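Worksheet: one structure, shown below.
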Amino acid sequence: MSQDNQAQLTPFQIVSELDKYIIGQKDAKRSVAIALRNRWRRMNADEELRNEIIPNNIMLIGPTGVGKTEIARRLARLSRAPFVKVEASKFTEVGYVGRDVESMIRDLVEIGISMVKIEMQERVSEKAAEAVEKRLLDILIPPIKSVHGGTPTGFNSSDDVDLNEKTRAKFLEKLKAGDLEDRKVEIEVSDKKPSVQVLGPQGMEDFGMNIQDMLGNMVPKKTKKRTMSITEARKVLLGEESERLIDHDSAIQEALSRVQNNGIVFIDEVDKIATSSANGKGGPDVSRQGVQRDLLPIVEGSNVSTKYGMVKTDHILFIASGAFHMAKPSDLIPELQGRFPIRVEMQSLTEDDFYQILSKPKTALTKQYQALFKADGVTIDFTDEAIREIAHLAAQVNDEVENIGARRLHTILSSLLEELMFSIPDDIKETAITIDKSYVNKQLDGLVKNRDLSHFIL
Ligand SMILES: Nc1ncnc2c1ncn2[C@@H]1O[C@H](COP(=O)(O)OP(=O)(O)O)[C@@H](O)[C@H]1O
Ligand SMILES: [Mg+2]
């Protein structure tokens, strides 16, 4: 499904999907759309040529909070691709203590597997729910057999069996109707807490081994009894039953293929491993270059061993990202530069962008807060003027304090709504509240005008 799904999306469609969530950044959207489509185009090229075509890995260059991560994340979601975000500065060169770059691929595989498993579990959810009801019924009214039952006489009369069956049928109906949800049952659950946390030696996972798993298989699984409501029991048992119903081997195979064909790795802060020409020589630069060298084969396409098997990285899409304030992309080693042929400069966001970010996207912050207040039965409305004012103040604080892009909207909105979030539902009993411009000014003006306060709070 996933591969076809990706194939069906044309660059145009990808951009219009991204438009639903991300304001502006047209160039970046176009580039990622092309890259995604090109991966599929490349996979359809003749074998001989295919290996010559360099994937359209992208470098997104721009200040913080302008949507670099968001674009990559949304791209992954709409192509249903396994996606992992890593920070280049967190890696250390192979041979040194720390995380080696190959771990990004292992992480991607884990993400791919849980993604596939969730989908598979959704597909068997009806079957699983049925099995859960059967198990609940067996707990509520255990079945009896016509001979050698549990009675003191050693067998049950056919009347007993009849009655038992009738009662079970009645309870099954009640279960299905949801009439028994509060009733308590005792069920056996696996004892989750492991007795010891085992830490393997550095790099152990390189060998595709996991000590915890090995020990886990040797120690028999412990279970314990717990009493809970039927509602809760349904959740616990559903997890167990859907685990049981899916085929784990095929989940792994599917995940590996998805990772290899569709995976997206987002490498953030790649500028931090560039050796800035202004930095001079020596010191940490050596290890930064080491990380770049380690990164190279993965981005070029190689085999990475994971505990589920080899993963070919040839078709994985890599998106690098960085502010590049100090270093420039040309400070990366040439081979690595060459592997990120598409450079996109992200635009700084304007006041008007903020206005749109606050109001337009499906998941806009104002809508998120509205959803939160809805839980308390309160409807919050923002007037258009209020949203313009929030955007204005955000732009102002970015200007005067530090430009953190759209991230500023998060801090501003949480300060703006702090009083409501605290006072609802105890102190403020209204169920419909309108946030207008004067409310925005009342809550925020003091903070915005006081530089020290805005430094710490906004
Ligand atoms: N152009 C944009 N459109 C909509 N939301 C944005 C945009 N840019 C940033 N945001 C929001 O701001 C926050 C930070 O964005 P992010 O993509 O993580 O920034 P960065 O460029 O530093 O990776 C996220 O909540 C994101 O949704
Ligand atoms: Mg980011």
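Each chain in the structure tokens gets a letter, A, B and so on, in the order shown; residues start at 1 in every chain, and ligands are counted from 1 in the order they appear.
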Within 10 Å of stretch 10-33 of chain A, which residues of stretch 354-428 of chain A come that close, and what is the closest atom pair and distance in Å for each? Count only C-alpha atoms and give it as CSV.
```
residue,atom,partner,partner_atom,distance
A:Phe354,CA,A:Ile23,CA,8.6
A:Tyr355,CA,A:Ile23,CA,9.8
A:Gln356,CA,A:Ile23,CA,6.9
A:Ile357,CA,A:Ile23,CA,6.1
A:Leu358,CA,A:Ile23,CA,9.8
A:Lys360,CA,A:Lys20,CA,7.8
A:Pro361,CA,A:Tyr21,CA,4.7
A:Lys362,CA,A:Tyr21,CA,6.3
A:Thr363,CA,A:Tyr21,CA,6.9
A:Ala364,CA,A:Tyr21,CA,7.9
```
Worksheet entry | Residues near A:Pro329, cut-off 12 Å, only C-alpha atoms, skip fewer than 5 positions along chain, as a ChimeraX atom specification | /A:58-62,269-277,320-324,334-345
I need the chosen residues saved as a PDB file, in the first residue's frame, with C-alpha atoms.
```pdb
ATOM      1  CA  ILE A  58      18.021  17.836   0.316  1.00  0.00           C
ATOM      2  CA  MET A  59      19.664  20.389   2.507  1.00  0.00           C
ATOM      3  CA  LEU A  60      17.276  22.809   4.161  1.00  0.00           C
ATOM      4  CA  ILE A  61      19.046  25.955   5.224  1.00  0.00           C
ATOM      5  CA  GLY A  62      17.416  28.495   7.430  1.00  0.00           C
ATOM      6  CA  GLU A 269      21.973  20.577  12.999  1.00  0.00           C
ATOM      7  CA  VAL A 270      24.178  19.369  10.228  1.00  0.00           C
ATOM      8  CA  ASP A 271      25.951  22.729  10.340  1.00  0.00           C
ATOM      9  CA  LYS A 272      27.288  21.741  13.762  1.00  0.00           C
ATOM     10  CA  ILE A 273      29.439  19.032  12.219  1.00  0.00           C
ATOM     11  CA  ALA A 274      30.740  21.275   9.472  1.00  0.00           C
ATOM     12  CA  THR A 275      34.184  22.618  10.197  1.00  0.00           C
ATOM     13  CA  SER A 276      33.722  26.310  10.010  1.00  0.00           C
ATOM     14  CA  SER A 277      36.455  28.004   8.083  1.00  0.00           C
ATOM     15  CA  ALA A 320      19.744  17.599   6.201  1.00  0.00           C
ATOM     16  CA  SER A 321      18.935  20.782   7.989  1.00  0.00           C
ATOM     17  CA  GLY A 322      20.786  23.573   9.672  1.00  0.00           C
ATOM     18  CA  ALA A 323      20.907  27.270  10.320  1.00  0.00           C
ATOM     19  CA  PHE A 324      24.407  27.605   8.885  1.00  0.00           C
ATOM     20  CA  PRO A 334      33.077  17.747  -0.580  1.00  0.00           C
ATOM     21  CA  GLU A 335      31.841  14.172  -0.870  1.00  0.00           C
ATOM     22  CA  LEU A 336      29.067  14.868   1.598  1.00  0.00           C
ATOM     23  CA  GLN A 337      28.140  18.156  -0.047  1.00  0.00           C
ATOM     24  CA  GLY A 338      27.761  16.265  -3.282  1.00  0.00           C
ATOM     25  CA  ARG A 339      25.273  13.921  -1.688  1.00  0.00           C
ATOM     26  CA  PHE A 340      22.935  16.770  -0.838  1.00  0.00           C
ATOM     27  CA  PRO A 341      22.585  18.277  -4.282  1.00  0.00           C
ATOM     28  CA  ILE A 342      19.411  20.198  -3.547  1.00  0.00           C
ATOM     29  CA  ARG A 343      19.853  23.269  -1.379  1.00  0.00           C
ATOM     30  CA  VAL A 344      16.883  25.197  -0.228  1.00  0.00           C
ATOM     31  CA  GLU A 345      16.995  28.402   1.702  1.00  0.00           C
TER      32      GLU A 345
END
```
Worksheet, complete the sentence: A straight line from atom CA of A:Gly239 to atom CA of A:Thr306 spans 26.1 Å
Discussion item. Please identify the strand (DSSP E) residues within stretch 365-436 of chain A (assignment by DSSP from backbone atoms) and present them as a list in words.
Written reply: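 Answer for stretch 365-436 of chain A restricted to strand (DSSP E) is Thr379, Ile380, Asp381, Phe382, Ala432, Ile433, Thr434 and Ile435 of chain A.
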Worksheet entry | At most 9 Å from ligand 2 (only C-alpha atoms and all ligand atoms): residue list as a PyMOL selection string | chain A and resi 64-70+268-269+321-322
Store the residues of this selection in a file with N, CA and C atoms, as a tab-separated table (two decimals), in the first residue's frame.
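Listed below is the output, part_21.tsv:
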```tsv
chain	number	residue	atom	x	y	z
A	64	THR	N	16.06	29.08	12.90
A	64	THR	CA	15.22	28.17	13.67
A	64	THR	C	13.74	28.58	13.61
A	65	GLY	N	12.88	27.58	13.69
A	65	GLY	CA	11.46	27.85	13.80
A	65	GLY	C	10.77	28.33	12.54
A	66	VAL	N	11.31	27.97	11.37
A	66	VAL	CA	10.66	28.41	10.14
A	66	VAL	C	9.97	27.24	9.40
A	67	GLY	N	10.04	26.05	9.99
A	67	GLY	CA	9.30	24.94	9.43
A	67	GLY	C	10.15	23.84	8.79
A	68	LYS	N	11.45	23.82	9.05
A	68	LYS	CA	12.30	22.81	8.43
A	68	LYS	C	11.88	21.41	8.86
A	69	THR	N	11.79	21.23	10.17
A	69	THR	CA	11.42	19.92	10.68
A	69	THR	C	9.98	19.57	10.31
A	70	GLU	N	9.15	20.57	10.40
A	70	GLU	CA	7.73	20.35	10.15
A	70	GLU	C	7.49	19.86	8.72
A	268	ASP	N	19.23	16.82	11.58
A	268	ASP	CA	19.17	18.21	12.02
A	268	ASP	C	20.56	18.68	12.45
A	269	GLU	N	20.74	19.97	12.51
A	269	GLU	CA	21.97	20.58	13.00
A	269	GLU	C	23.21	20.08	12.27
A	321	SER	N	19.48	19.47	7.65
A	321	SER	CA	18.94	20.78	7.99
A	321	SER	C	19.87	21.52	8.93
A	322	GLY	N	19.93	22.80	8.78
A	322	GLY	CA	20.79	23.57	9.67
A	322	GLY	C	20.62	25.06	9.44
```
Worksheet item: Quick one: DSSP alpha helix (DSSP H) residues in stretch 240-276 of chain A, as a PyMOL selection string?
Response: chain A and resi 240-245+248-262
Discussion item. Could you check the closest approach to ligand 1 for each of A:Arg168, A:Arg234, A:His410, A:Arg244 and tell me which residue wins, using only C-alpha atoms and all ligand atoms?
Written reply: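 Among the listed residues, the smallest separation from ligand 1 belongs to A:His410.
Ranking A:Thr383, A:Ser89, A:Asn156, A:Gln347 by their shortest atom-to-atom distance to A:Lys437, with only C-alpha atoms included, puts A:Thr383 first.
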Discussion item. Give me, as a PyMOL selection string, all polymer residues having an atom no more than 12 Å from A:Asn44, counting only C-alpha atoms and skipping those fewer than 5 positions away in the same chain.
Written reply: chain A and resi 3+7+37-39+49-51+53+261+315
Could the residues in this selection be written to a file with C-alpha atoms, as a tab-separated table (two decimals), in the first residue's frame?
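See result_10.tsv below for the written result:
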```
chain	number	residue	atom	x	y	z
A	3	GLN	CA	4.71	2.30	-2.07
A	7	ALA	CA	3.65	6.64	-6.34
A	37	ARG	CA	8.62	11.79	-6.61
A	38	ASN	CA	12.14	11.29	-7.92
A	39	ARG	CA	12.78	8.48	-5.55
A	49	LEU	CA	20.88	3.49	-14.65
A	50	ARG	CA	19.17	3.35	-11.32
A	51	ASN	CA	22.40	2.90	-9.46
A	53	ILE	CA	21.14	8.23	-10.34
A	261	ASN	CA	12.19	2.04	-0.16
A	315	HIS	CA	16.84	4.60	-1.51
```
Worksheet item: Which residue, A:Gln260, A:Ser229, A:Ser79, A:Ser302, has the smallest gap to A:Gly112 when you use only C-alpha atoms?
Response: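 Closest residue, counting only C-alpha atoms: A:Gln260.
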Discussion item. Can you tell me which residues surround A:Val185 at a distance of at most 8 Å, considering only C-alpha atoms, apart from same-chain residues fewer than 4 positions away, and format the answer as a list in words?
Written reply: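 Selected residues are Ile139, Leu140, Thr227, Met228, Ser229, Ile230 and Ala233 of chain A.
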Fill in: Near-A:Gly377 list (9 Å; only C-alpha atoms; drop same-chain fewer than 3 positions) as a PyMOL selection string
chain A and resi 373-374+425+431-432
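Of the residues listed (A:Ala406, A:Val440, A:Leu420, A:Ala45), A:Ala406 shows the shortest atom-to-atom separation from ligand 1; distances use only C-alpha atoms and all ligand atoms.
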Item to complete: Please indicate the distance in Å from atom CA of A:Phe456 to atom 4 (C, counted along the ligand's line) of ligand 1, rounded to one decimal place.
Response: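 According to the coordinates, atom CA of A:Phe456 and atom 4 (C, counted along the ligand's line) of ligand 1 are separated by 23.8 Å.
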Please list as a PDB file with C-alpha atoms, in the first residue's frame every residue within 8 Å of A:Val116, counting only C-alpha atoms and excluding residues in the same chain fewer than 2 positions away.
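The resulting selection30.pdb:
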```pdb
ATOM      1  CA  GLY A 112       9.110   1.165  10.725  1.00  0.00           C
ATOM      2  CA  ILE A 113       8.299  -1.977  12.648  1.00  0.00           C
ATOM      3  CA  SER A 114       6.021  -0.292  15.128  1.00  0.00           C
ATOM      4  CA  ILE A 118       0.025  -0.702  14.376  1.00  0.00           C
ATOM      5  CA  GLU A 119      -1.427  -0.953  10.884  1.00  0.00           C
ATOM      6  CA  MET A 120      -1.620  -4.729  11.109  1.00  0.00           C
ATOM      7  CA  ALA A 251       5.660  -7.339   9.990  1.00  0.00           C
ATOM      8  CA  GLU A 254       7.257  -5.379   5.487  1.00  0.00           C
ATOM      9  CA  ALA A 255       8.954  -2.856   7.763  1.00  0.00           C
TER      10      ALA A 255
END
```
Mind checking which residues fall within 10 Å of A:Glu389, counting only C-alpha atoms, ignoring those fewer than 3 positions away in the same chain, and posting them as a PDB file with C-alpha atoms, in the first residue's frame?
```pdb
ATOM      1  CA  GLU A 351       4.074  38.952  10.768  1.00  0.00           C
ATOM      2  CA  TYR A 355      -1.170  35.444  11.277  1.00  0.00           C
ATOM      3  CA  THR A 383     -11.436  37.552  16.816  1.00  0.00           C
ATOM      4  CA  ASP A 384      -9.557  38.250  13.637  1.00  0.00           C
ATOM      5  CA  GLU A 385      -8.124  41.388  15.182  1.00  0.00           C
ATOM      6  CA  ALA A 386      -6.884  39.426  18.168  1.00  0.00           C
ATOM      7  CA  HIS A 392       2.207  41.397  15.646  1.00  0.00           C
ATOM      8  CA  LEU A 393       3.480  40.857  19.180  1.00  0.00           C
ATOM      9  CA  ALA A 394       5.233  37.638  18.193  1.00  0.00           C
ATOM     10  CA  ALA A 395       7.043  39.407  15.397  1.00  0.00           C
ATOM     11  CA  ASP A 436     -10.411  40.050  21.386  1.00  0.00           C
ATOM     12  CA  LYS A 437      -7.642  42.508  20.792  1.00  0.00           C
ATOM     13  CA  SER A 438      -8.046  44.260  24.120  1.00  0.00           C
ATOM     14  CA  VAL A 440      -4.567  40.196  24.080  1.00  0.00           C
ATOM     15  CA  ASN A 441      -3.137  43.562  25.014  1.00  0.00           C
TER      16      ASN A 441
END
```
Item to complete: May I ask which of the residues A:Ile71, A:Val101, A:Leu332, A:Val109 is the closest one to A:Arg258, counting only C-alpha atoms?
Response: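 The shortest atom-to-atom distance to A:Arg258 comes from A:Val109.
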Item to complete: Provide the atom CA of A:Leu317 to atom CA of A:Ile252 distance in Å, to one decimal place.
Response: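 So the answer is 20.2 Å.
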Worksheet item: Of the candidates A:Ile404, A:Asn398, A:Asp426, A:Phe83, which shows the shortest atom-to-atom distance to A:Arg451, using only C-alpha atoms?
Response: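 Checking each candidate against A:Arg451, we get A:Asn398 as the closest.
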